[in-house]
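Colleague: So here's coords-v8.tsv, just TSV, C-alpha atoms (C1' of nucleotides):
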```
chain	number	residue	atom	x	y	z
A	14	MET	CA	0.00	0.00	0.00
A	15	GLN	CA	1.49	3.30	-1.11
A	16	ASP	CA	1.48	6.29	1.22
A	17	LYS	CA	3.29	9.54	1.82
A	18	LYS	CA	6.53	9.32	3.73
A	19	LEU	CA	6.27	10.68	7.24
A	20	GLN	CA	8.49	13.60	6.29
A	21	ASP	CA	6.12	14.65	3.52
A	22	VAL	CA	3.11	14.89	5.77
A	23	ILE	CA	2.13	18.44	6.62
A	24	TYR	CA	0.95	17.50	10.13
A	25	PHE	CA	4.30	16.04	10.92
A	26	TRP	CA	5.88	19.45	10.30
A	27	ILE	CA	3.20	21.23	12.28
A	28	HIS	CA	4.05	18.86	15.09
A	29	ARG	CA	7.77	19.55	14.74
A	30	ALA	CA	7.34	23.32	14.69
A	31	ASN	CA	5.15	23.11	17.76
A	32	SER	CA	7.57	20.85	19.53
A	33	ARG	CA	10.65	22.93	18.81
A	34	SER	CA	8.97	26.18	19.82
A	35	LYS	CA	8.25	24.52	23.14
A	36	ASP	CA	11.82	23.24	23.41
A	37	TYR	CA	13.24	26.70	22.79
A	38	SER	CA	10.85	28.36	25.24
A	39	LYS	CA	11.92	25.83	27.83
A	40	LYS	CA	15.57	26.59	27.16
A	41	VAL	CA	15.09	30.35	27.47
A	42	ILE	CA	13.09	30.03	30.69
A	43	LYS	CA	15.69	27.70	32.16
A	44	GLU	CA	18.56	29.98	31.18
A	45	ALA	CA	16.83	32.84	32.95
A	46	GLY	CA	17.01	30.69	36.06
A	47	ILE	CA	13.22	30.43	36.31
A	48	ASP	CA	11.79	27.15	37.56
A	49	ILE	CA	8.55	26.71	35.64
A	50	THR	CA	7.50	24.67	32.64
A	51	VAL	CA	6.03	26.03	29.44
A	52	ASP	CA	2.59	24.69	30.31
A	53	GLN	CA	2.75	26.31	33.72
A	54	TRP	CA	3.67	29.56	31.96
A	55	VAL	CA	0.67	29.34	29.65
A	56	LEU	CA	-1.69	29.01	32.61
A	57	LEU	CA	-0.01	31.83	34.52
A	58	LYS	CA	-0.29	34.04	31.48
A	59	GLN	CA	-3.97	33.26	31.01
A	60	ILE	CA	-4.80	33.78	34.68
A	61	GLY	CA	-3.02	37.11	34.43
A	62	GLU	CA	-5.16	38.04	31.44
A	63	ARG	CA	-8.43	37.01	33.11
A	64	PRO	CA	-8.09	37.19	36.88
A	65	GLY	CA	-10.75	35.24	38.73
A	66	LEU	CA	-11.48	32.74	36.00
A	67	SER	CA	-12.39	29.20	37.00
A	68	GLN	CA	-10.57	25.97	36.22
A	69	VAL	CA	-13.12	25.04	33.58
A	70	GLU	CA	-12.81	28.46	31.99
A	71	LEU	CA	-9.06	28.05	32.04
A	72	ALA	CA	-9.44	24.64	30.44
A	73	ASN	CA	-11.61	26.09	27.67
A	74	ALA	CA	-9.30	29.02	27.06
A	75	THR	CA	-6.22	26.85	26.76
A	76	PHE	CA	-7.91	23.80	25.21
A	77	LYS	CA	-6.67	21.56	27.95
A	78	ASP	CA	-8.52	18.93	29.94
A	79	PRO	CA	-9.93	20.03	33.33
A	80	ALA	CA	-7.97	17.20	34.93
A	81	ALA	CA	-4.76	18.49	33.37
A	82	ILE	CA	-5.58	22.01	34.53
A	83	LEU	CA	-6.13	20.83	38.07
A	84	ARG	CA	-2.75	19.17	38.29
A	85	ILE	CA	-0.87	22.13	36.88
A	86	VAL	CA	-2.81	24.54	39.11
A	87	GLN	CA	-1.84	22.43	42.11
A	88	ILE	CA	1.81	22.90	41.20
A	89	LEU	CA	1.28	26.65	40.80
A	90	LEU	CA	-0.44	26.78	44.19
A	91	ARG	CA	2.46	24.89	45.73
A	92	LYS	CA	4.88	27.36	44.18
A	93	GLU	CA	2.71	30.21	45.52
A	94	LEU	CA	2.38	31.77	42.08
A	95	VAL	CA	-1.40	31.41	42.11
A	96	LYS	CA	-4.11	31.61	44.75
A	97	ARG	CA	-7.53	30.01	44.64
A	98	SER	CA	-10.87	30.70	46.35
A	99	ALA	CA	-14.43	29.44	46.01
A	100	ARG	CA	-16.76	31.68	44.05
A	101	PRO	CA	-19.27	33.09	46.57
A	102	ASP	CA	-22.37	32.48	44.47
A	103	ASP	CA	-21.33	29.01	43.31
A	104	LYS	CA	-19.40	26.90	45.74
A	105	ARG	CA	-18.49	24.37	43.04
A	106	THR	CA	-16.37	26.91	41.24
A	107	ASN	CA	-12.88	28.09	42.12
A	108	GLU	CA	-11.59	31.51	41.16
A	109	LEU	CA	-7.94	31.73	40.25
A	110	PHE	CA	-5.67	34.74	40.73
A	111	LEU	CA	-1.97	35.44	40.42
A	112	THR	CA	-0.18	36.09	43.68
A	113	GLU	CA	2.16	39.03	43.82
A	114	GLN	CA	5.01	36.62	43.16
A	115	GLY	CA	3.09	35.19	40.22
A	116	GLN	CA	2.51	38.64	38.74
A	117	THR	CA	6.18	39.50	39.14
A	118	LEU	CA	7.16	36.31	37.38
A	119	VAL	CA	4.74	36.94	34.51
A	120	ASN	CA	6.14	40.44	34.07
A	121	ARG	CA	9.63	39.02	33.99
A	122	LEU	CA	8.74	36.31	31.50
A	123	ILE	CA	6.80	38.40	29.00
A	124	PRO	CA	9.83	39.99	27.31
A	125	LEU	CA	11.64	36.65	27.25
A	126	ILE	CA	8.71	34.95	25.56
A	127	GLN	CA	8.37	37.83	23.12
A	128	GLY	CA	11.97	37.11	22.16
A	129	VAL	CA	11.15	33.45	21.66
A	130	ARG	CA	8.25	34.29	19.38
A	131	ALA	CA	10.45	36.54	17.27
A	132	VAL	CA	13.09	33.83	16.85
A	133	GLY	CA	10.58	31.44	15.30
A	134	LEU	CA	9.38	34.02	12.81
A	135	GLU	CA	12.79	35.10	11.54
A	136	GLY	CA	12.71	35.33	7.76
A	137	LEU	CA	8.91	35.51	7.67
A	138	SER	CA	6.98	38.68	6.92
A	139	ALA	CA	4.09	39.92	9.04
A	140	GLU	CA	1.76	38.83	6.23
A	141	ASP	CA	3.26	35.34	6.23
A	142	ALA	CA	2.65	35.14	9.96
A	143	GLU	CA	-0.95	36.26	9.52
A	144	SER	CA	-1.51	33.65	6.81
A	145	ILE	CA	-0.08	30.94	9.00
A	146	LYS	CA	-2.29	31.91	11.89
A	147	LYS	CA	-5.32	31.97	9.63
A	148	TRP	CA	-4.52	28.53	8.19
A	149	MET	CA	-3.83	26.98	11.55
A	150	LYS	CA	-7.23	28.22	12.68
A	151	LYS	CA	-8.77	26.71	9.57
A	152	ILE	CA	-7.11	23.33	10.08
A	153	PHE	CA	-8.08	23.42	13.73
A	154	GLN	CA	-11.68	24.17	12.84
A	155	ASN	CA	-11.81	21.49	10.15
A	156	PHE	CA	-10.90	18.86	12.69
A	157	ASP	CA	-12.85	20.40	15.50
A	158	GLN	CA	-16.02	20.44	13.43
A	159	LYS	CA	-15.66	16.76	12.55
A	160	ILE	CA	-15.13	15.93	16.19
A	161	GLU	CA	-18.05	18.00	17.44
A	162	GLU	CA	-20.34	16.87	14.64
A	163	ALA	CA	-20.32	13.36	16.12
A	164	VAL	CA	-21.42	14.71	19.49
A	165	ARG	CA	-24.57	16.26	18.12
B	9	MET	CA	3.41	45.06	30.98
B	10	GLN	CA	1.59	44.77	27.67
B	11	ASP	CA	1.66	41.56	25.70
B	12	LYS	CA	-0.31	39.75	23.03
B	13	LYS	CA	-3.33	37.81	24.22
B	14	LEU	CA	-2.80	34.07	24.14
B	15	GLN	CA	-5.32	33.77	21.31
B	16	ASP	CA	-3.31	36.14	19.13
B	17	VAL	CA	-0.11	34.16	19.38
B	18	ILE	CA	0.68	32.17	16.27
B	19	TYR	CA	2.29	29.33	18.22
B	20	PHE	CA	-0.87	28.87	20.19
B	21	TRP	CA	-2.73	28.13	16.98
B	22	ILE	CA	-0.01	25.85	15.72
B	23	HIS	CA	-0.41	23.99	18.98
B	24	ARG	CA	-4.16	23.82	18.60
B	25	ALA	CA	-4.02	22.58	15.02
B	26	ASN	CA	-1.53	19.94	16.06
B	27	SER	CA	-3.59	18.92	19.01
B	28	ARG	CA	-6.87	18.63	17.12
B	29	SER	CA	-5.31	16.67	14.28
B	30	LYS	CA	-4.16	14.19	16.89
B	31	ASP	CA	-7.60	14.16	18.53
B	32	TYR	CA	-9.31	13.42	15.24
B	33	SER	CA	-6.81	10.71	14.29
B	34	LYS	CA	-7.44	9.12	17.64
B	35	LYS	CA	-11.17	9.22	17.08
B	36	VAL	CA	-10.93	7.64	13.61
B	37	ILE	CA	-8.62	4.88	14.83
B	38	LYS	CA	-10.88	4.14	17.76
B	39	GLU	CA	-13.99	4.07	15.58
B	40	ALA	CA	-12.28	1.52	13.34
B	41	GLY	CA	-12.01	-0.65	16.46
B	42	ILE	CA	-8.20	-0.52	16.42
B	43	ASP	CA	-6.43	-0.43	19.75
B	44	ILE	CA	-3.38	1.75	19.19
B	45	THR	CA	-2.50	5.35	19.96
B	46	VAL	CA	-1.45	7.95	17.44
B	47	ASP	CA	2.15	7.85	18.66
B	48	GLN	CA	2.20	4.08	18.34
B	49	TRP	CA	0.90	4.50	14.79
B	50	VAL	CA	3.68	6.95	13.90
B	51	LEU	CA	6.33	4.46	15.00
B	52	LEU	CA	4.65	1.58	13.20
B	53	LYS	CA	4.49	3.64	10.04
B	54	GLN	CA	8.14	4.62	10.26
B	55	ILE	CA	9.30	1.06	10.97
B	56	GLY	CA	7.29	-0.01	7.94
B	57	GLU	CA	9.05	2.60	5.84
B	58	ARG	CA	12.53	1.64	7.04
B	59	PRO	CA	12.56	-1.97	8.23
B	60	GLY	CA	15.50	-2.85	10.43
B	61	LEU	CA	16.11	0.63	11.75
B	62	SER	CA	17.35	1.03	15.32
B	63	GLN	CA	15.69	2.77	18.24
B	64	VAL	CA	18.05	5.73	17.94
B	65	GLU	CA	17.36	5.98	14.21
B	66	LEU	CA	13.67	5.83	14.97
B	67	ALA	CA	14.12	8.55	17.58
B	68	ASN	CA	15.90	10.76	15.06
B	69	ALA	CA	13.34	10.13	12.33
B	70	THR	CA	10.41	10.99	14.55
B	71	PHE	CA	12.15	13.62	16.68
B	72	LYS	CA	11.33	11.78	19.85
B	73	ASP	CA	13.55	10.98	22.82
B	74	PRO	CA	15.18	7.51	22.81
B	75	ALA	CA	13.62	6.88	26.21
B	76	ALA	CA	10.18	7.68	24.79
B	77	ILE	CA	10.85	5.41	21.83
B	78	LEU	CA	11.82	2.55	24.10
B	79	ARG	CA	8.61	2.70	26.05
B	80	ILE	CA	6.39	2.85	22.98
B	81	VAL	CA	8.37	0.05	21.33
B	82	GLN	CA	7.84	-2.08	24.41
B	83	ILE	CA	4.11	-1.64	24.02
B	84	LEU	CA	4.32	-2.54	20.32
B	85	LEU	CA	6.35	-5.65	21.21
B	86	ARG	CA	3.75	-6.63	23.79
B	87	LYS	CA	1.03	-6.21	21.16
B	88	GLU	CA	3.12	-8.31	18.76
B	89	LEU	CA	3.00	-5.62	16.10
B	90	VAL	CA	6.79	-5.27	16.07
B	91	LYS	CA	9.71	-7.62	16.54
B	92	ARG	CA	13.20	-6.73	17.65
B	93	SER	CA	16.62	-8.36	17.29
B	94	ALA	CA	20.20	-7.36	18.03
B	95	ARG	CA	22.18	-6.17	15.03
B	96	PRO	CA	24.80	-8.88	14.32
B	97	ASP	CA	27.73	-6.50	13.89
B	98	ASP	CA	26.81	-4.28	16.87
B	99	LYS	CA	25.21	-5.91	19.85
B	100	ARG	CA	24.26	-2.57	21.36
B	101	THR	CA	21.83	-1.90	18.56
B	102	ASN	CA	18.37	-3.35	18.09
B	103	GLU	CA	16.82	-3.75	14.67
B	104	LEU	CA	13.08	-3.22	14.49
B	105	PHE	CA	10.68	-4.88	12.06
B	106	LEU	CA	6.94	-5.08	11.67
B	107	THR	CA	5.42	-8.47	12.35
B	108	GLU	CA	2.92	-9.80	9.87
B	109	GLN	CA	0.17	-8.53	12.18
B	110	GLY	CA	1.91	-5.15	12.32
B	111	GLN	CA	2.09	-4.93	8.54
B	112	THR	CA	-1.56	-5.86	8.22
B	113	LEU	CA	-2.50	-3.17	10.69
B	114	VAL	CA	-0.43	-0.55	8.88
B	115	ASN	CA	-2.10	-1.45	5.60
B	116	ARG	CA	-5.46	-1.13	7.25
B	117	LEU	CA	-4.63	2.21	8.84
B	118	ILE	CA	-3.10	3.94	5.83
B	119	PRO	CA	-6.39	4.76	4.06
B	120	LEU	CA	-7.96	5.85	7.33
B	121	ILE	CA	-5.10	8.24	8.04
B	122	GLN	CA	-5.21	9.54	4.48
B	123	GLY	CA	-8.82	10.43	5.17
B	124	VAL	CA	-7.81	12.25	8.35
B	125	ARG	CA	-5.21	14.28	6.48
B	126	ALA	CA	-7.75	15.32	3.89
B	127	VAL	CA	-10.23	16.48	6.52
B	128	GLY	CA	-7.73	18.93	7.98
B	129	LEU	CA	-6.96	20.44	4.60
B	130	GLU	CA	-10.55	21.01	3.48
B	131	GLY	CA	-10.88	24.47	1.99
B	132	LEU	CA	-7.14	24.79	1.43
B	133	SER	CA	-5.51	24.53	-1.99
B	134	ALA	CA	-2.53	22.30	-2.72
B	135	GLU	CA	-0.41	25.44	-2.88
B	136	ASP	CA	-1.63	26.54	0.53
B	137	ALA	CA	-0.64	23.16	1.89
B	138	GLU	CA	2.80	23.43	0.35
B	139	SER	CA	3.26	26.90	1.82
B	140	ILE	CA	2.25	25.68	5.23
B	141	LYS	CA	4.70	22.81	5.08
B	142	LYS	CA	7.47	25.15	3.94
B	143	TRP	CA	6.78	27.62	6.74
B	144	MET	CA	6.51	24.99	9.42
B	145	LYS	CA	9.92	23.74	8.31
B	146	LYS	CA	11.24	27.29	8.48
B	147	ILE	CA	9.86	27.88	11.98
B	148	PHE	CA	11.18	24.51	13.06
B	149	GLN	CA	14.62	25.34	11.69
B	150	ASN	CA	14.66	28.80	13.24
B	151	PHE	CA	14.20	27.29	16.68
B	152	ASP	CA	16.33	24.25	16.01
B	153	GLN	CA	19.24	26.40	14.94
B	154	LYS	CA	19.05	28.48	18.11
B	155	ILE	CA	18.94	25.35	20.20
B	156	GLU	CA	21.84	23.66	18.39
B	157	GLU	CA	23.89	26.84	18.27
B	158	ALA	CA	24.25	26.68	22.03
B	159	VAL	CA	25.60	23.14	21.86
B	160	ARG	CA	28.53	24.04	19.61
C	30	DA	C1'	46.97	-3.90	23.88
C	31	DA	C1'	45.19	-1.02	27.55
C	32	DT	C1'	42.67	3.03	28.47
C	33	DA	C1'	39.51	6.64	27.33
C	34	DA	C1'	35.65	8.34	24.84
C	35	DA	C1'	31.49	7.62	22.54
C	36	DT	C1'	27.24	5.22	21.58
C	37	DA	C1'	22.67	2.32	22.14
C	38	DA	C1'	19.65	0.98	25.14
C	39	DT	C1'	17.76	1.16	29.58
C	40	DT	C1'	15.79	2.95	34.11
C	41	DG	C1'	13.97	6.32	37.39
C	42	DA	C1'	11.93	10.71	38.34
C	43	DT	C1'	8.85	14.35	37.19
C	44	DA	C1'	5.44	16.69	34.23
C	45	DT	C1'	1.73	16.44	31.14
C	46	DA	C1'	-2.56	14.50	28.38
C	47	DT	C1'	-6.69	11.86	28.27
C	48	DC	C1'	-10.40	9.11	29.74
C	49	DA	C1'	-13.65	7.26	32.96
C	50	DA	C1'	-15.66	7.33	37.33
C	51	DC	C1'	-16.95	9.90	41.29
C	52	DT	C1'	-18.61	13.73	44.68
C	53	DA	C1'	-20.71	17.98	45.73
C	54	DA	C1'	-23.33	21.68	44.31
C	55	DT	C1'	-26.51	23.80	41.24
C	56	DT	C1'	-30.22	24.07	37.86
C	57	DA	C1'	-34.08	22.17	35.23
C	58	DA	C1'	-38.07	19.36	34.88
C	59	DA	C1'	-41.97	16.64	36.49
D	3	DT	C1'	-41.00	20.90	45.62
D	4	DT	C1'	-38.98	16.53	45.00
D	5	DT	C1'	-36.46	14.28	41.37
D	6	DA	C1'	-33.51	14.31	37.48
D	7	DA	C1'	-29.92	16.30	34.84
D	8	DT	C1'	-26.01	19.12	34.60
D	9	DT	C1'	-21.80	21.18	36.03
D	10	DA	C1'	-17.10	21.98	38.59
D	11	DG	C1'	-13.79	19.86	40.50
D	12	DT	C1'	-11.32	15.74	41.78
D	13	DT	C1'	-9.02	11.06	41.55
D	14	DG	C1'	-7.09	6.92	39.40
D	15	DA	C1'	-5.24	4.61	35.44
D	16	DT	C1'	-2.60	4.63	31.31
D	17	DA	C1'	0.32	6.78	27.76
D	18	DT	C1'	3.69	10.02	26.56
D	19	DA	C1'	7.81	13.60	26.99
D	20	DT	C1'	12.10	14.89	28.96
D	21	DC	C1'	16.15	14.71	31.64
D	22	DA	C1'	19.82	12.54	34.18
D	23	DA	C1'	22.22	8.53	35.34
D	24	DT	C1'	23.63	3.72	34.35
D	25	DT	C1'	25.20	-0.50	31.75
D	26	DA	C1'	27.04	-2.85	27.89
D	27	DT	C1'	29.35	-2.47	23.87
D	28	DT	C1'	32.11	-0.38	20.39
D	29	DT	C1'	35.54	2.90	18.63
D	30	DA	C1'	39.39	6.00	19.19
D	31	DT	C1'	43.61	7.22	21.47
D	32	DT	C1'	48.01	6.54	23.45
```
Would you mind writing the file out in structure tokens?
Modeller:
Amino acid sequence: MQDKKLQDVIYFWIHRANSRSKDYSKKVIKEAGIDITVDQWVLLKQIGERPGLSQVELANATFKDPAAILRIVQILLRKELVKRSARPDDKRTNELFLTEQGQTLVNRLIPLIQGVRAVGLEGLSAEDAESIKKWMKKIFQNFDQKIEEAVR
Amino acid sequence: MQDKKLQDVIYFWIHRANSRSKDYSKKVIKEAGIDITVDQWVLLKQIGERPGLSQVELANATFKDPAAILRIVQILLRKELVKRSARPDDKRTNELFLTEQGQTLVNRLIPLIQGVRAVGLEGLSAEDAESIKKWMKKIFQNFDQKIEEAVR
DNA sequence: AATAAATAATTGATATATCAACTAATTAAA
DNA sequence: TTTAATTAGTTGATATATCAATTATTTATT
């Protein structure tokens, strides 16, 4: 049975680009002497953008599983970068906030991560970057629709 | 400190596209009643393309860690989809081959995975797809170079 | 040839992803 | 309003990713 070689498959390269951007982010964070993972950073960043959001809201925003969110949040609580409290009008729900330490760390990381983003886009124009973003959204939606379609 | 919202970051969308393509592959494989993961499939496919390759070669081809390869290979051995034997001229090295069962499974999966690939690219032209592949390679290389640069 | 360096595979530790099952709290329906 | 359904969070199980350290073997060096 004939098939494309792995290296000719577009999704394989999307995977590689994703993987290496994570690797490089990790390297930059580590070299700055900061002890958090890329996934922890993403949650910190999102909590900073939307203080008080719940774990489910965080899961939706980052497209992670609530169970995955919980475990990462527990690490962030342990590191005292995040604090958590029950929402007064709905005791099921936890509200998440950055601690002062967490906010300081986010502020320190932002310029580093901006540098990381720029590295990946070297040699690409702003229009190229826009096209890529647009196409990634399209591919995402193509799959997402097929997945959701089955649910209905 | 001002920064792009998570949803405006190109790498976030690359991550999402990657993640959903994996989700949909998983769904299709499961619906076909086949009990393997996407990562197991990628290794099977690569071993089928290059019979006799070693774990390190497999790690390089798929950009995975040798330790990760080992654990997935152990699962494939357990499922009797792959067989393994020491290379005669270098006892450190294992050669990997598909079993007959493994080959049958690969043949069965290929058309399913081709369908998955097509779903993701709906609404995109062949040229769009080529551009995406080219740019993902570029982004990959931009990061990879920075990472390797430090090693030298 | 003996020693040192490099390589392939392995193991252990930690972090993450996903799914299914479960509890507690809330909301909708009979 | 009592019951049923839904929702938020949690836990356990399994698979994967990454790093550091270890063993066995091979290759390079002296």
Colleague: Which neighbours of DC21 (chain D) fall inside 12 Å, counting only C-alpha atoms (C1' of nucleotides), when residues of the same chain fewer than 6 positions from it are skipped, and could you give them as a list in words?
Modeller: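 So, after excluding close chain neighbours, the residues are Asp73, Pro74, Ala75 and Ala76 of chain B; DG41, DA42, DT43 and DA44 of chain C.
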Colleague: Give me the residues within 10 Å of Ile37 (chain B) as a list of chain:residue names, counting only C-alpha atoms (C1' of nucleotides) and dropping any in the same chain fewer than 5 places off.
Modeller: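 The residues that qualify are B:Tyr32, B:Ile42, B:Asp43, B:Ile44, B:Thr45, B:Val46, B:Trp49, B:Leu117, B:Leu120, B:Ile121, B:Val124.
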Colleague: What does chain B look like after a least-squares fit onto chain A on every Cα paired in order, written as a compact mmCIF listing (two decimals) with C-alpha atoms, in the coordinates of the input?
Modeller:
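Written out: out-v6.txt:
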```txt
# COMPACT_ATOMS: atom_id res chain seq x y z
CA MET B 9 0.01 -0.01 -0.05
CA GLN B 10 1.51 3.31 -1.10
CA ASP B 11 1.47 6.27 1.22
CA LYS B 12 3.28 9.53 1.80
CA LYS B 13 6.53 9.31 3.72
CA LEU B 14 6.25 10.67 7.24
CA GLN B 15 8.49 13.59 6.29
CA ASP B 16 6.12 14.65 3.53
CA VAL B 17 3.11 14.90 5.77
CA ILE B 18 2.15 18.45 6.63
CA TYR B 19 0.94 17.52 10.12
CA PHE B 20 4.30 16.06 10.92
CA TRP B 21 5.88 19.44 10.32
CA ILE B 22 3.21 21.24 12.28
CA HIS B 23 4.05 18.88 15.10
CA ARG B 24 7.75 19.55 14.76
CA ALA B 25 7.34 23.32 14.69
CA ASN B 26 5.15 23.11 17.76
CA SER B 27 7.56 20.85 19.53
CA ARG B 28 10.65 22.94 18.83
CA SER B 29 8.95 26.18 19.83
CA LYS B 30 8.24 24.54 23.16
CA ASP B 31 11.81 23.25 23.41
CA TYR B 32 13.24 26.70 22.80
CA SER B 33 10.85 28.37 25.25
CA LYS B 34 11.91 25.85 27.83
CA LYS B 35 15.55 26.59 27.18
CA VAL B 36 15.08 30.37 27.48
CA ILE B 37 13.09 30.05 30.70
CA LYS B 38 15.67 27.73 32.18
CA GLU B 39 18.55 30.00 31.19
CA ALA B 40 16.81 32.87 32.96
CA GLY B 41 16.99 30.71 36.09
CA ILE B 42 13.20 30.44 36.33
CA ASP B 43 11.76 27.18 37.57
CA ILE B 44 8.53 26.72 35.64
CA THR B 45 7.49 24.68 32.63
CA VAL B 46 6.02 26.04 29.44
CA ASP B 47 2.57 24.69 30.30
CA GLN B 48 2.75 26.31 33.72
CA TRP B 49 3.66 29.57 31.97
CA VAL B 50 0.65 29.35 29.65
CA LEU B 51 -1.71 29.02 32.61
CA LEU B 52 -0.02 31.83 34.51
CA LYS B 53 -0.31 34.06 31.48
CA GLN B 54 -3.98 33.26 31.00
CA ILE B 55 -4.82 33.77 34.68
CA GLY B 56 -3.05 37.12 34.44
CA GLU B 57 -5.18 38.04 31.45
CA ARG B 58 -8.45 37.02 33.10
CA PRO B 59 -8.12 37.18 36.88
CA GLY B 60 -10.76 35.23 38.75
CA LEU B 61 -11.48 32.73 36.02
CA SER B 62 -12.38 29.17 37.00
CA GLN B 63 -10.57 25.95 36.22
CA VAL B 64 -13.14 25.02 33.59
CA GLU B 65 -12.84 28.47 32.00
CA LEU B 66 -9.09 28.06 32.04
CA ALA B 67 -9.46 24.63 30.45
CA ASN B 68 -11.63 26.09 27.69
CA ALA B 69 -9.31 29.03 27.08
CA THR B 70 -6.24 26.86 26.76
CA PHE B 71 -7.94 23.82 25.21
CA LYS B 72 -6.69 21.57 27.94
CA ASP B 73 -8.55 18.93 29.93
CA PRO B 74 -9.93 20.05 33.33
CA ALA B 75 -8.01 17.20 34.94
CA ALA B 76 -4.79 18.48 33.36
CA ILE B 77 -5.59 22.00 34.53
CA LEU B 78 -6.13 20.82 38.07
CA ARG B 79 -2.77 19.17 38.29
CA ILE B 80 -0.87 22.13 36.88
CA VAL B 81 -2.81 24.52 39.11
CA GLN B 82 -1.84 22.44 42.11
CA ILE B 83 1.80 22.90 41.20
CA LEU B 84 1.29 26.66 40.79
CA LEU B 85 -0.43 26.78 44.19
CA ARG B 86 2.47 24.90 45.75
CA LYS B 87 4.88 27.39 44.18
CA GLU B 88 2.71 30.23 45.52
CA LEU B 89 2.39 31.77 42.07
CA VAL B 90 -1.40 31.42 42.11
CA LYS B 91 -4.09 31.61 44.75
CA ARG B 92 -7.51 30.02 44.64
CA SER B 93 -10.83 30.70 46.37
CA ALA B 94 -14.38 29.41 46.05
CA ARG B 95 -16.72 31.65 44.09
CA PRO B 96 -19.21 33.09 46.63
CA ASP B 97 -22.32 32.46 44.55
CA ASP B 98 -21.26 28.95 43.42
CA LYS B 99 -19.27 26.86 45.81
CA ARG B 100 -18.41 24.33 43.12
CA THR B 101 -16.32 26.88 41.29
CA ASN B 102 -12.83 28.06 42.15
CA GLU B 103 -11.60 31.50 41.19
CA LEU B 104 -7.94 31.74 40.26
CA PHE B 105 -5.68 34.76 40.74
CA LEU B 106 -1.99 35.45 40.43
CA THR B 107 -0.19 36.11 43.68
CA GLU B 108 2.14 39.06 43.82
CA GLN B 109 5.01 36.65 43.16
CA GLY B 110 3.07 35.21 40.22
CA GLN B 111 2.51 38.64 38.73
CA THR B 112 6.16 39.52 39.13
CA LEU B 113 7.15 36.33 37.38
CA VAL B 114 4.74 36.96 34.51
CA ASN B 115 6.14 40.45 34.06
CA ARG B 116 9.62 39.02 34.00
CA LEU B 117 8.72 36.31 31.51
CA ILE B 118 6.79 38.40 29.01
CA PRO B 119 9.83 39.99 27.31
CA LEU B 120 11.63 36.66 27.27
CA ILE B 121 8.70 34.96 25.56
CA GLN B 122 8.37 37.83 23.11
CA GLY B 123 11.97 37.12 22.16
CA VAL B 124 11.15 33.44 21.66
CA ARG B 125 8.25 34.29 19.37
CA ALA B 126 10.45 36.52 17.26
CA VAL B 127 13.09 33.82 16.84
CA GLY B 128 10.58 31.43 15.31
CA LEU B 129 9.39 34.00 12.81
CA GLU B 130 12.80 35.09 11.54
CA GLY B 131 12.75 35.28 7.76
CA LEU B 132 8.96 35.43 7.63
CA SER B 133 7.02 38.61 6.85
CA ALA B 134 4.14 39.87 8.97
CA GLU B 135 1.81 38.77 6.20
CA ASP B 136 3.28 35.28 6.23
CA ALA B 137 2.66 35.14 9.95
CA GLU B 138 -0.92 36.24 9.50
CA SER B 139 -1.47 33.62 6.82
CA ILE B 140 -0.05 30.93 9.03
CA LYS B 141 -2.30 31.92 11.90
CA LYS B 142 -5.33 31.97 9.59
CA TRP B 143 -4.53 28.53 8.19
CA MET B 144 -3.82 26.97 11.54
CA LYS B 145 -7.23 28.22 12.66
CA LYS B 146 -8.77 26.72 9.53
CA ILE B 147 -7.09 23.34 10.05
CA PHE B 148 -8.07 23.43 13.70
CA GLN B 149 -11.68 24.18 12.79
CA ASN B 150 -11.80 21.51 10.10
CA PHE B 151 -10.90 18.86 12.65
CA ASP B 152 -12.88 20.42 15.47
CA GLN B 153 -16.02 20.46 13.38
CA LYS B 154 -15.66 16.78 12.51
CA ILE B 155 -15.13 15.94 16.14
CA GLU B 156 -18.07 18.03 17.38
CA GLU B 157 -20.34 16.88 14.57
CA ALA B 158 -20.31 13.40 16.05
CA VAL B 159 -21.43 14.71 19.43
CA ARG B 160 -24.62 16.30 18.10
```
Colleague: Distance cut-off 10 Å, counting all atoms listed in the file - which residues of chain C neighbour chain B? Return them as a CSV table (one decimal) with C-alpha atoms (C1' of nucleotides), in the coordinates of the input.
Modeller:
```csv
chain,number,residue,atom,x,y,z
C,36,DT,C1',27.2,5.2,21.6
C,37,DA,C1',22.7,2.3,22.1
C,38,DA,C1',19.6,1.0,25.1
C,39,DT,C1',17.8,1.2,29.6
C,40,DT,C1',15.8,3.0,34.1
```
Colleague: Compute the set of chain D residues within 9 Å of chain A, using all atoms listed in the file, and express it as a tab-separated table (two decimals) with C-alpha atoms (C1' of nucleotides), in the coordinates of the input.
Modeller:
```tsv
chain	number	residue	atom	x	y	z
D	9	DT	C1'	-21.80	21.18	36.03
D	10	DA	C1'	-17.10	21.98	38.59
D	11	DG	C1'	-13.79	19.86	40.50
D	12	DT	C1'	-11.32	15.74	41.78
```
Colleague: Counting all atoms listed in the file, select every polymer residue within 12 Å of (-19.3, 11.7, 18.2) as defined in the file's coordinates, and provide the selection as a list in words.
Modeller: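 Final list of nearby residues, as requested, is Asp157, Gln158, Lys159, Ile160, Glu161, Glu162, Ala163, Val164 and Arg165 of chain A; Asp31, Tyr32, Lys35, Val36, Lys38 and Glu39 of chain B.
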Colleague: In Å, with one decimal, what is the gap from CA of Thr75 (chain A) to C1' of DT16 (chain D)?
Modeller: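 About the pair CA of Thr75 (chain A) and C1' of DT16 (chain D): they are 23.0 Å apart.
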Colleague: Figure out the distance between C1' of DT56 (chain C) and CA of Val86 (chain A), please, to one decimal in Å.
Modeller: 27.4 Å
Colleague: Using only C-alpha atoms (C1' of nucleotides), which residues sit within 8 Å of Leu89 (chain B) once same-chain residues fewer than 3 positions away are excluded, as an NGL selection string?
Modeller: :B and (52 or 84-86 or 106-111)
